[in-house]
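Structure file structure08.txt (compact mmCIF, N, CA and C atoms) is printed below.
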# COMPACT_ATOMS: atom_id res chain seq x y z
N MET A 1 -3.54 -9.66 -26.31
CA MET A 1 -3.88 -11.01 -26.70
C MET A 1 -4.74 -10.95 -27.97
N THR A 2 -4.49 -11.87 -28.87
CA THR A 2 -5.25 -11.94 -30.11
C THR A 2 -6.69 -12.30 -29.82
N GLU A 3 -7.60 -11.55 -30.42
CA GLU A 3 -9.03 -11.77 -30.23
C GLU A 3 -9.63 -12.65 -31.31
N SER A 4 -9.18 -12.48 -32.55
CA SER A 4 -9.66 -13.27 -33.68
C SER A 4 -8.71 -13.05 -34.84
N SER A 5 -9.02 -13.64 -35.97
CA SER A 5 -8.20 -13.44 -37.16
C SER A 5 -9.11 -13.11 -38.34
N ILE A 6 -8.50 -12.45 -39.32
CA ILE A 6 -9.23 -12.11 -40.55
C ILE A 6 -8.25 -12.15 -41.71
N VAL A 7 -8.72 -12.66 -42.82
CA VAL A 7 -7.95 -12.69 -44.05
C VAL A 7 -8.71 -11.83 -45.05
N PHE A 8 -8.02 -10.86 -45.67
CA PHE A 8 -8.63 -10.02 -46.69
C PHE A 8 -8.19 -10.50 -48.06
N LEU A 9 -9.15 -10.66 -48.95
CA LEU A 9 -8.89 -11.13 -50.30
C LEU A 9 -9.54 -10.20 -51.33
N PRO A 10 -8.82 -9.94 -52.41
CA PRO A 10 -9.43 -9.12 -53.47
C PRO A 10 -10.46 -9.93 -54.26
N CYS A 11 -11.48 -9.24 -54.75
CA CYS A 11 -12.48 -9.86 -55.62
C CYS A 11 -12.79 -8.91 -56.77
N ALA A 12 -13.31 -9.46 -57.85
CA ALA A 12 -13.60 -8.67 -59.04
C ALA A 12 -14.96 -7.98 -58.98
N ASP A 13 -15.94 -8.64 -58.34
CA ASP A 13 -17.30 -8.11 -58.30
C ASP A 13 -17.88 -8.39 -56.92
N ILE A 14 -17.89 -7.39 -56.07
CA ILE A 14 -18.30 -7.57 -54.68
C ILE A 14 -19.75 -8.06 -54.56
N GLU A 15 -20.62 -7.65 -55.46
CA GLU A 15 -22.01 -8.10 -55.38
C GLU A 15 -22.12 -9.61 -55.61
N LYS A 16 -21.39 -10.14 -56.58
CA LYS A 16 -21.39 -11.59 -56.82
C LYS A 16 -20.77 -12.33 -55.64
N THR A 17 -19.71 -11.76 -55.09
CA THR A 17 -19.04 -12.38 -53.94
C THR A 17 -19.96 -12.42 -52.73
N VAL A 18 -20.62 -11.30 -52.43
CA VAL A 18 -21.54 -11.26 -51.29
C VAL A 18 -22.68 -12.25 -51.49
N SER A 19 -23.23 -12.28 -52.68
CA SER A 19 -24.32 -13.21 -52.97
C SER A 19 -23.87 -14.65 -52.74
N PHE A 20 -22.68 -14.99 -53.17
CA PHE A 20 -22.18 -16.35 -53.01
C PHE A 20 -21.98 -16.72 -51.54
N TYR A 21 -21.23 -15.91 -50.82
CA TYR A 21 -20.89 -16.27 -49.44
C TYR A 21 -22.07 -16.12 -48.48
N ARG A 22 -22.91 -15.13 -48.70
CA ARG A 22 -24.06 -14.91 -47.82
C ARG A 22 -25.23 -15.81 -48.20
N ASP A 23 -25.63 -15.76 -49.48
CA ASP A 23 -26.86 -16.43 -49.91
C ASP A 23 -26.69 -17.90 -50.26
N VAL A 24 -25.55 -18.27 -50.83
CA VAL A 24 -25.33 -19.67 -51.20
C VAL A 24 -24.71 -20.45 -50.04
N LEU A 25 -23.61 -19.92 -49.47
CA LEU A 25 -22.94 -20.65 -48.39
C LEU A 25 -23.55 -20.38 -47.02
N GLY A 26 -24.29 -19.29 -46.89
CA GLY A 26 -24.96 -19.01 -45.63
C GLY A 26 -24.09 -18.37 -44.56
N LEU A 27 -22.96 -17.78 -44.94
CA LEU A 27 -22.12 -17.11 -43.96
C LEU A 27 -22.73 -15.76 -43.59
N LYS A 28 -22.58 -15.38 -42.35
CA LYS A 28 -23.13 -14.13 -41.85
C LYS A 28 -22.18 -12.97 -42.19
N VAL A 29 -22.75 -11.87 -42.69
CA VAL A 29 -21.96 -10.66 -42.89
C VAL A 29 -21.73 -10.05 -41.51
N SER A 30 -20.48 -10.00 -41.11
CA SER A 30 -20.11 -9.46 -39.81
C SER A 30 -20.01 -7.94 -39.86
N GLN A 31 -19.42 -7.44 -40.96
CA GLN A 31 -19.27 -6.00 -41.15
C GLN A 31 -19.34 -5.67 -42.63
N LYS A 32 -19.90 -4.51 -42.90
CA LYS A 32 -19.85 -3.93 -44.24
C LYS A 32 -19.13 -2.60 -44.03
N GLN A 33 -17.88 -2.52 -44.50
CA GLN A 33 -17.09 -1.33 -44.24
C GLN A 33 -17.24 -0.27 -45.32
N SER A 34 -17.73 -0.68 -46.47
CA SER A 34 -18.05 0.23 -47.57
C SER A 34 -18.85 -0.58 -48.58
N ASP A 35 -19.19 0.03 -49.69
CA ASP A 35 -19.91 -0.71 -50.73
C ASP A 35 -19.01 -1.72 -51.43
N ARG A 36 -17.70 -1.69 -51.13
CA ARG A 36 -16.76 -2.58 -51.78
C ARG A 36 -16.00 -3.49 -50.82
N LEU A 37 -16.38 -3.50 -49.52
CA LEU A 37 -15.67 -4.34 -48.56
C LEU A 37 -16.64 -4.95 -47.55
N TYR A 38 -16.70 -6.29 -47.57
CA TYR A 38 -17.55 -7.04 -46.66
C TYR A 38 -16.70 -8.04 -45.89
N ILE A 39 -17.05 -8.24 -44.62
CA ILE A 39 -16.35 -9.20 -43.78
C ILE A 39 -17.37 -10.25 -43.34
N PHE A 40 -17.01 -11.52 -43.56
CA PHE A 40 -17.89 -12.65 -43.23
C PHE A 40 -17.36 -13.39 -42.02
N ASP A 41 -18.27 -13.79 -41.14
CA ASP A 41 -17.95 -14.56 -39.96
C ASP A 41 -17.99 -16.05 -40.33
N THR A 42 -16.85 -16.73 -40.18
CA THR A 42 -16.80 -18.16 -40.51
C THR A 42 -17.03 -19.03 -39.29
N GLY A 43 -17.21 -18.42 -38.15
CA GLY A 43 -17.42 -19.17 -36.91
C GLY A 43 -16.22 -19.10 -35.98
N TYR A 44 -15.01 -19.16 -36.54
CA TYR A 44 -13.80 -19.09 -35.72
C TYR A 44 -12.81 -18.07 -36.25
N GLY A 45 -13.21 -17.28 -37.17
CA GLY A 45 -12.38 -16.25 -37.79
C GLY A 45 -13.21 -15.54 -38.84
N TYR A 46 -12.56 -14.71 -39.62
CA TYR A 46 -13.28 -13.88 -40.58
C TYR A 46 -12.58 -13.89 -41.93
N TRP A 47 -13.39 -13.80 -42.98
CA TRP A 47 -12.89 -13.61 -44.33
C TRP A 47 -13.41 -12.28 -44.81
N GLY A 48 -12.53 -11.42 -45.26
CA GLY A 48 -12.92 -10.14 -45.82
C GLY A 48 -12.68 -10.14 -47.32
N PHE A 49 -13.64 -9.65 -48.06
CA PHE A 49 -13.50 -9.54 -49.51
C PHE A 49 -13.64 -8.09 -49.90
N CYS A 50 -12.73 -7.63 -50.75
CA CYS A 50 -12.72 -6.23 -51.14
C CYS A 50 -12.55 -6.10 -52.65
N GLN A 51 -13.40 -5.29 -53.23
CA GLN A 51 -13.24 -4.92 -54.64
C GLN A 51 -12.44 -3.63 -54.62
N TYR A 52 -11.13 -3.76 -54.72
CA TYR A 52 -10.22 -2.62 -54.58
C TYR A 52 -10.35 -1.65 -55.74
N SER A 53 -10.18 -0.38 -55.43
CA SER A 53 -10.30 0.66 -56.47
C SER A 53 -9.15 0.59 -57.48
N ASP A 54 -8.03 -0.04 -57.10
CA ASP A 54 -6.91 -0.17 -58.05
C ASP A 54 -7.06 -1.41 -58.95
N GLN A 55 -8.25 -2.04 -58.89
CA GLN A 55 -8.57 -3.22 -59.72
C GLN A 55 -7.61 -4.39 -59.46
N ARG A 56 -7.16 -4.51 -58.23
CA ARG A 56 -6.29 -5.60 -57.82
C ARG A 56 -6.94 -6.93 -58.18
N PRO A 57 -6.22 -7.82 -58.86
CA PRO A 57 -6.84 -9.09 -59.28
C PRO A 57 -6.99 -10.07 -58.12
N PRO A 58 -7.98 -10.96 -58.20
CA PRO A 58 -8.13 -12.02 -57.20
C PRO A 58 -6.89 -12.91 -57.14
N LEU A 59 -6.66 -13.52 -56.01
CA LEU A 59 -5.52 -14.41 -55.80
C LEU A 59 -5.93 -15.87 -55.98
N SER A 60 -6.74 -16.12 -56.97
CA SER A 60 -7.29 -17.46 -57.14
C SER A 60 -6.54 -18.22 -58.23
N GLY A 61 -7.14 -19.28 -58.69
CA GLY A 61 -6.54 -20.09 -59.74
C GLY A 61 -5.32 -20.82 -59.26
N ASN A 62 -4.23 -20.75 -60.01
CA ASN A 62 -3.03 -21.52 -59.68
C ASN A 62 -2.17 -20.88 -58.59
N LYS A 63 -2.67 -19.84 -57.95
CA LYS A 63 -1.92 -19.20 -56.87
C LYS A 63 -2.02 -19.98 -55.55
N GLY A 64 -2.88 -20.97 -55.49
CA GLY A 64 -2.91 -21.88 -54.37
C GLY A 64 -3.74 -21.46 -53.17
N VAL A 65 -4.58 -20.43 -53.30
CA VAL A 65 -5.41 -20.01 -52.17
C VAL A 65 -6.57 -20.99 -52.02
N CYS A 66 -6.72 -21.50 -50.80
CA CYS A 66 -7.84 -22.40 -50.48
C CYS A 66 -8.45 -21.92 -49.18
N LEU A 67 -9.74 -21.69 -49.19
CA LEU A 67 -10.48 -21.27 -47.99
C LEU A 67 -11.21 -22.49 -47.46
N SER A 68 -10.87 -22.92 -46.24
CA SER A 68 -11.44 -24.15 -45.69
C SER A 68 -12.38 -23.87 -44.53
N LEU A 69 -13.49 -24.56 -44.54
CA LEU A 69 -14.44 -24.53 -43.44
C LEU A 69 -14.50 -25.93 -42.84
N ASN A 70 -14.26 -26.02 -41.54
CA ASN A 70 -14.23 -27.30 -40.85
C ASN A 70 -15.62 -27.67 -40.36
N LEU A 71 -16.03 -28.89 -40.67
CA LEU A 71 -17.32 -29.39 -40.24
C LEU A 71 -17.12 -30.45 -39.17
N SER A 72 -18.22 -30.86 -38.52
CA SER A 72 -18.10 -31.73 -37.35
C SER A 72 -17.99 -33.22 -37.67
N SER A 73 -18.35 -33.63 -38.89
CA SER A 73 -18.31 -35.06 -39.22
C SER A 73 -18.26 -35.27 -40.73
N ASN A 74 -17.90 -36.49 -41.12
CA ASN A 74 -17.94 -36.84 -42.54
C ASN A 74 -19.36 -36.74 -43.08
N GLU A 75 -20.33 -37.11 -42.25
CA GLU A 75 -21.73 -37.05 -42.66
C GLU A 75 -22.15 -35.61 -42.95
N GLU A 76 -21.65 -34.67 -42.13
CA GLU A 76 -21.96 -33.27 -42.36
C GLU A 76 -21.32 -32.77 -43.66
N VAL A 77 -20.12 -33.26 -43.95
CA VAL A 77 -19.47 -32.93 -45.23
C VAL A 77 -20.36 -33.39 -46.38
N LEU A 78 -20.86 -34.62 -46.31
CA LEU A 78 -21.73 -35.15 -47.37
C LEU A 78 -23.03 -34.37 -47.47
N MET A 79 -23.61 -34.00 -46.33
CA MET A 79 -24.85 -33.22 -46.35
C MET A 79 -24.62 -31.85 -47.00
N LYS A 80 -23.51 -31.21 -46.67
CA LYS A 80 -23.20 -29.89 -47.25
C LYS A 80 -22.96 -30.04 -48.75
N TYR A 81 -22.30 -31.10 -49.16
CA TYR A 81 -22.09 -31.35 -50.58
C TYR A 81 -23.42 -31.49 -51.32
N GLU A 82 -24.33 -32.28 -50.77
CA GLU A 82 -25.64 -32.47 -51.40
C GLU A 82 -26.38 -31.14 -51.50
N GLU A 83 -26.24 -30.30 -50.50
CA GLU A 83 -26.89 -28.98 -50.49
C GLU A 83 -26.32 -28.05 -51.57
N LEU A 84 -25.02 -28.16 -51.84
CA LEU A 84 -24.35 -27.18 -52.71
C LEU A 84 -24.03 -27.66 -54.12
N LYS A 85 -24.02 -28.95 -54.37
CA LYS A 85 -23.50 -29.49 -55.63
C LYS A 85 -24.19 -28.94 -56.88
N ASP A 86 -25.46 -28.60 -56.78
CA ASP A 86 -26.17 -28.08 -57.95
C ASP A 86 -26.20 -26.55 -57.98
N ARG A 87 -25.63 -25.92 -56.97
CA ARG A 87 -25.64 -24.46 -56.87
C ARG A 87 -24.27 -23.83 -57.09
N CYS A 88 -23.24 -24.68 -57.16
CA CYS A 88 -21.86 -24.20 -57.25
C CYS A 88 -21.08 -25.00 -58.27
N GLN A 89 -19.94 -24.46 -58.65
CA GLN A 89 -19.02 -25.21 -59.49
C GLN A 89 -18.22 -26.15 -58.58
N VAL A 90 -18.42 -27.46 -58.74
CA VAL A 90 -17.71 -28.45 -57.93
C VAL A 90 -16.34 -28.69 -58.57
N ILE A 91 -15.30 -28.57 -57.75
CA ILE A 91 -13.94 -28.84 -58.19
C ILE A 91 -13.57 -30.29 -57.90
N ARG A 92 -13.96 -30.76 -56.71
CA ARG A 92 -13.71 -32.15 -56.33
C ARG A 92 -14.82 -32.64 -55.42
N GLN A 93 -15.34 -33.82 -55.72
CA GLN A 93 -16.40 -34.42 -54.92
C GLN A 93 -15.84 -34.90 -53.58
N PRO A 94 -16.71 -35.19 -52.60
CA PRO A 94 -16.24 -35.64 -51.30
C PRO A 94 -15.38 -36.90 -51.39
N GLN A 95 -14.25 -36.85 -50.71
CA GLN A 95 -13.34 -37.99 -50.66
C GLN A 95 -12.28 -37.77 -49.61
N LYS A 96 -11.62 -38.84 -49.23
CA LYS A 96 -10.51 -38.75 -48.30
C LYS A 96 -9.30 -38.23 -49.08
N HIS A 97 -8.61 -37.26 -48.52
CA HIS A 97 -7.43 -36.70 -49.17
C HIS A 97 -6.32 -37.75 -49.18
N PRO A 98 -5.60 -37.89 -50.31
CA PRO A 98 -4.58 -38.94 -50.38
C PRO A 98 -3.35 -38.69 -49.48
N ASP A 99 -3.10 -37.43 -49.11
CA ASP A 99 -1.89 -37.12 -48.35
C ASP A 99 -2.12 -36.65 -46.92
N PHE A 100 -3.34 -36.24 -46.60
CA PHE A 100 -3.63 -35.67 -45.30
C PHE A 100 -4.84 -36.35 -44.67
N PRO A 101 -4.95 -36.34 -43.35
CA PRO A 101 -6.10 -36.98 -42.69
C PRO A 101 -7.35 -36.09 -42.74
N VAL A 102 -7.86 -35.91 -43.94
CA VAL A 102 -8.98 -35.00 -44.18
C VAL A 102 -9.98 -35.66 -45.13
N TYR A 103 -11.25 -35.51 -44.84
CA TYR A 103 -12.33 -35.89 -45.74
C TYR A 103 -12.99 -34.59 -46.17
N SER A 104 -13.04 -34.31 -47.49
CA SER A 104 -13.52 -33.00 -47.93
C SER A 104 -13.99 -32.99 -49.37
N PHE A 105 -14.59 -31.85 -49.74
CA PHE A 105 -14.88 -31.54 -51.14
C PHE A 105 -14.54 -30.07 -51.38
N PHE A 106 -14.38 -29.73 -52.66
CA PHE A 106 -14.01 -28.38 -53.04
C PHE A 106 -15.00 -27.82 -54.05
N ILE A 107 -15.31 -26.53 -53.88
CA ILE A 107 -16.12 -25.79 -54.85
C ILE A 107 -15.34 -24.52 -55.20
N ALA A 108 -15.81 -23.81 -56.23
CA ALA A 108 -15.18 -22.55 -56.63
C ALA A 108 -16.15 -21.40 -56.37
N ASP A 109 -15.60 -20.28 -55.90
CA ASP A 109 -16.43 -19.08 -55.73
C ASP A 109 -16.43 -18.29 -57.04
N PRO A 110 -17.12 -17.16 -57.13
CA PRO A 110 -17.20 -16.42 -58.39
C PRO A 110 -15.85 -15.95 -58.95
N ASP A 111 -14.84 -15.81 -58.08
CA ASP A 111 -13.50 -15.41 -58.53
C ASP A 111 -12.57 -16.58 -58.75
N GLY A 112 -13.05 -17.79 -58.54
CA GLY A 112 -12.21 -18.97 -58.71
C GLY A 112 -11.45 -19.38 -57.46
N TYR A 113 -11.71 -18.72 -56.31
CA TYR A 113 -11.11 -19.20 -55.07
C TYR A 113 -11.66 -20.58 -54.77
N MET A 114 -10.78 -21.50 -54.36
CA MET A 114 -11.23 -22.82 -53.93
C MET A 114 -11.76 -22.71 -52.51
N VAL A 115 -12.97 -23.23 -52.30
CA VAL A 115 -13.57 -23.28 -50.97
C VAL A 115 -13.73 -24.75 -50.63
N GLU A 116 -13.16 -25.14 -49.50
CA GLU A 116 -13.18 -26.53 -49.07
C GLU A 116 -14.08 -26.67 -47.84
N PHE A 117 -14.89 -27.71 -47.85
CA PHE A 117 -15.65 -28.12 -46.68
C PHE A 117 -15.01 -29.42 -46.23
N GLN A 118 -14.51 -29.46 -44.99
CA GLN A 118 -13.73 -30.60 -44.57
C GLN A 118 -14.05 -31.06 -43.16
N LYS A 119 -13.70 -32.32 -42.91
CA LYS A 119 -13.65 -32.87 -41.56
C LYS A 119 -12.23 -33.40 -41.39
N ILE A 120 -11.51 -32.82 -40.47
CA ILE A 120 -10.16 -33.29 -40.18
C ILE A 120 -10.30 -34.54 -39.31
N GLN A 121 -9.67 -35.62 -39.76
CA GLN A 121 -9.73 -36.90 -39.04
C GLN A 121 -8.68 -36.90 -37.94
N MET A 122 -9.09 -37.15 -36.74
CA MET A 122 -8.14 -37.16 -35.60
C MET A 122 -7.68 -38.56 -35.32

Show me this structure written as structure tokens.
Amino acid sequence: MTESSIVFLPCADIEKTVSFYRDVLGLKVSQKQSDRLYIFDTGYGYWGFCQYSDQRPPLSGNKGVCLSLNLSSNEEVLMKYEELKDRCQVIRQPQKHPDFPVYSFFIADPDGYMVEFQKIQM
């Protein structure tokens, strides 16, 4: 039986990535497998970031990768936005998505991955 899930993503500078996810977003480092690979606990799964020795480029930008964190309410989305708006590059301010039942905002990480904080409307 599946115990959890993890997504591994390449990054250009592991120190900047760790600083962003740990210090800015407040995610807990679940594992450090080497000086170039960290795994973060998102609460219901894991994101792993690796600065590969083959200089593999990040999968960000127009490649469509979006990392989403689900929050408990629209108010929590707004509170998280207020907490982060001056510390991160904001891609989109909080709003209801035009095509999906989601209220969210987007920021960019150091590699340009889109990180979404959302409340899925039921």

For Ile39 in chain A, which of A:Gly61, A:Leu27, A:Phe100, A:Gln93 is the closest residue, counting all atoms listed in the file? A:Leu27

Please enclose the listed atoms of range 22-34 of chain A in an axis-aligned box, pad each side by 5 Å, and write out the centre and the three edge lengths in Å, rounded to one decimal, as JSON.
{"center_x": -22.0, "center_y": -10.2, "center_z": -45.5, "size_x": 19.8, "size_y": 30.9, "size_z": 21.4}

What's the 6.5 Å shell around Glu116 in chain A, counting all atoms listed in the file, without same-chain residues fewer than 5 positions away, as a list in words? Cys66, Leu67, Ser68, Leu69, Asn70, Ser104, Phe105, Phe106 and Ile107 of chain A

Can you list, as a list in words, every protein, DNA or RNA residue that comes within 6 Å of Lys28 in chain A when you count all atoms listed in the file, leaving out same-chain residues fewer than 5 positions away?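 Listing them by chain and then by number gives Arg22, Ile39, Phe40 and Asp41 of chain A.
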
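Closest approach to Gly112 in chain A among A:Tyr44, A:Gln95, A:Glu75, A:Pro58 is made by A:Pro58 (distances from all atoms listed in the file).
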
With distances taken over only C-alpha atoms, which of A:Gln89, A:Ser73, A:Thr42, A:Ser4 is nearest to Tyr113 in chain A?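 Smallest separation from Tyr113 in chain A among the options: A:Gln89.
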
Test item, strand (DSSP E or B) assignment across range 13-100 of chain A, answer as a ChimeraX atom specification: /A:28-34,37-41,46-50,66-70,89-96

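Relative to atom N of Lys96 in chain A, CA of Lys119 in chain A is found at 9.9 Å.
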
Sel. of alpha helix (DSSP H) residues, chain A, as number ranges by chain: A: 14-18, 74-84

Could you turn the residues from that selection into a file that holds N, CA and C atoms, as a tab-separated table (two decimals), in the frame of the given file?
chain	number	residue	atom	x	y	z
A	14	ILE	N	-17.89	-7.39	-56.07
A	14	ILE	CA	-18.30	-7.57	-54.68
A	14	ILE	C	-19.75	-8.06	-54.56
A	15	GLU	N	-20.62	-7.65	-55.46
A	15	GLU	CA	-22.01	-8.10	-55.38
A	15	GLU	C	-22.12	-9.61	-55.61
A	16	LYS	N	-21.39	-10.14	-56.58
A	16	LYS	CA	-21.39	-11.59	-56.82
A	16	LYS	C	-20.77	-12.33	-55.64
A	17	THR	N	-19.71	-11.76	-55.09
A	17	THR	CA	-19.04	-12.38	-53.94
A	17	THR	C	-19.96	-12.42	-52.73
A	18	VAL	N	-20.62	-11.30	-52.43
A	18	VAL	CA	-21.54	-11.26	-51.29
A	18	VAL	C	-22.68	-12.25	-51.49
A	74	ASN	N	-17.90	-36.49	-41.12
A	74	ASN	CA	-17.94	-36.84	-42.54
A	74	ASN	C	-19.36	-36.74	-43.08
A	75	GLU	N	-20.33	-37.11	-42.25
A	75	GLU	CA	-21.73	-37.05	-42.66
A	75	GLU	C	-22.15	-35.61	-42.95
A	76	GLU	N	-21.65	-34.67	-42.13
A	76	GLU	CA	-21.96	-33.27	-42.36
A	76	GLU	C	-21.32	-32.77	-43.66
A	77	VAL	N	-20.12	-33.26	-43.95
A	77	VAL	CA	-19.47	-32.93	-45.23
A	77	VAL	C	-20.36	-33.39	-46.38
A	78	LEU	N	-20.86	-34.62	-46.31
A	78	LEU	CA	-21.73	-35.15	-47.37
A	78	LEU	C	-23.03	-34.37	-47.47
A	79	MET	N	-23.61	-34.00	-46.33
A	79	MET	CA	-24.85	-33.22	-46.35
A	79	MET	C	-24.62	-31.85	-47.00
A	80	LYS	N	-23.51	-31.21	-46.67
A	80	LYS	CA	-23.20	-29.89	-47.25
A	80	LYS	C	-22.96	-30.04	-48.75
A	81	TYR	N	-22.30	-31.10	-49.16
A	81	TYR	CA	-22.09	-31.35	-50.58
A	81	TYR	C	-23.42	-31.49	-51.32
A	82	GLU	N	-24.33	-32.28	-50.77
A	82	GLU	CA	-25.64	-32.47	-51.40
A	82	GLU	C	-26.38	-31.14	-51.50
A	83	GLU	N	-26.24	-30.30	-50.50
A	83	GLU	CA	-26.89	-28.98	-50.49
A	83	GLU	C	-26.32	-28.05	-51.57
A	84	LEU	N	-25.02	-28.16	-51.84
A	84	LEU	CA	-24.35	-27.18	-52.71
A	84	LEU	C	-24.03	-27.66	-54.12

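With only C-alpha atoms as the atoms that count, the residue of A:Ser34, A:Ser72, A:Gln51, A:Asn62 with the shortest distance to Phe8 in chain A is A:Gln51.
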
Can you tell me how far CA of Phe117 in chain A sits from atom N of Leu71 in chain A, in Å to one decimal?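 Distance between the two atoms: 6.1 Å.
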
My list of candidates is A:Glu3, A:Asp109, A:Asp13, A:Glu82. Which is closest to Arg56 in chain A when distances are computed with only C-alpha atoms?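 Residue with the minimum atom-to-atom distance to Arg56 in chain A: A:Asp13.
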
Please work out which residues fall within 6.5 Å of (-11.8, -14.7, -45.7), coordinates as given in the file, with all atoms listed in the file counting, and return them as number ranges by chain. A: 6-9, 40, 46-49

Counting only N, CA and C atoms, closest pick from A:Asp54, A:Asp23, A:Asp111, A:Val18 relative to Tyr38 in chain A is A:Val18

Residues around (-26.5, -23.1, -53.6), cut-off 8 Å, counting only N, CA and C atoms - what are they as a VMD selection string? chain A and resid 23 to 25 83 to 88

Just write the chosen residues, N, CA and C atoms, as a PDB file, in the frame of the given file.
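Once written, again.pdb looks like this:
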ATOM      1  N   ASP A  23     -25.630 -15.760 -49.480  1.00  0.00           N
ATOM      2  CA  ASP A  23     -26.860 -16.430 -49.910  1.00  0.00           C
ATOM      3  C   ASP A  23     -26.690 -17.900 -50.260  1.00  0.00           C
ATOM      4  N   VAL A  24     -25.550 -18.270 -50.830  1.00  0.00           N
ATOM      5  CA  VAL A  24     -25.330 -19.670 -51.200  1.00  0.00           C
ATOM      6  C   VAL A  24     -24.710 -20.450 -50.040  1.00  0.00           C
ATOM      7  N   LEU A  25     -23.610 -19.920 -49.470  1.00  0.00           N
ATOM      8  CA  LEU A  25     -22.940 -20.650 -48.390  1.00  0.00           C
ATOM      9  C   LEU A  25     -23.550 -20.380 -47.020  1.00  0.00           C
ATOM     10  N   GLU A  83     -26.240 -30.300 -50.500  1.00  0.00           N
ATOM     11  CA  GLU A  83     -26.890 -28.980 -50.490  1.00  0.00           C
ATOM     12  C   GLU A  83     -26.320 -28.050 -51.570  1.00  0.00           C
ATOM     13  N   LEU A  84     -25.020 -28.160 -51.840  1.00  0.00           N
ATOM     14  CA  LEU A  84     -24.350 -27.180 -52.710  1.00  0.00           C
ATOM     15  C   LEU A  84     -24.030 -27.660 -54.120  1.00  0.00           C
ATOM     16  N   LYS A  85     -24.020 -28.950 -54.370  1.00  0.00           N
ATOM     17  CA  LYS A  85     -23.500 -29.490 -55.630  1.00  0.00           C
ATOM     18  C   LYS A  85     -24.190 -28.940 -56.880  1.00  0.00           C
ATOM     19  N   ASP A  86     -25.460 -28.600 -56.780  1.00  0.00           N
ATOM     20  CA  ASP A  86     -26.170 -28.080 -57.950  1.00  0.00           C
ATOM     21  C   ASP A  86     -26.200 -26.550 -57.980  1.00  0.00           C
ATOM     22  N   ARG A  87     -25.630 -25.920 -56.970  1.00  0.00           N
ATOM     23  CA  ARG A  87     -25.640 -24.460 -56.870  1.00  0.00           C
ATOM     24  C   ARG A  87     -24.270 -23.830 -57.090  1.00  0.00           C
ATOM     25  N   CYS A  88     -23.240 -24.680 -57.160  1.00  0.00           N
ATOM     26  CA  CYS A  88     -21.860 -24.200 -57.250  1.00  0.00           C
ATOM     27  C   CYS A  88     -21.080 -25.000 -58.270  1.00  0.00           C
TER      28      CYS A  88
END

Gap from atom N of Pro98 in chain A to atom N of Leu78 in chain A - Å, one decimal: 16.1 Å

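Summary of the local environment: counting only N, CA and C atoms, residues at most 8 Å from Glu15 in chain A, other than itself and those fewer than 6 positions away along its chain, are Tyr21, Asp35, Arg36 and Gln51 of chain A.
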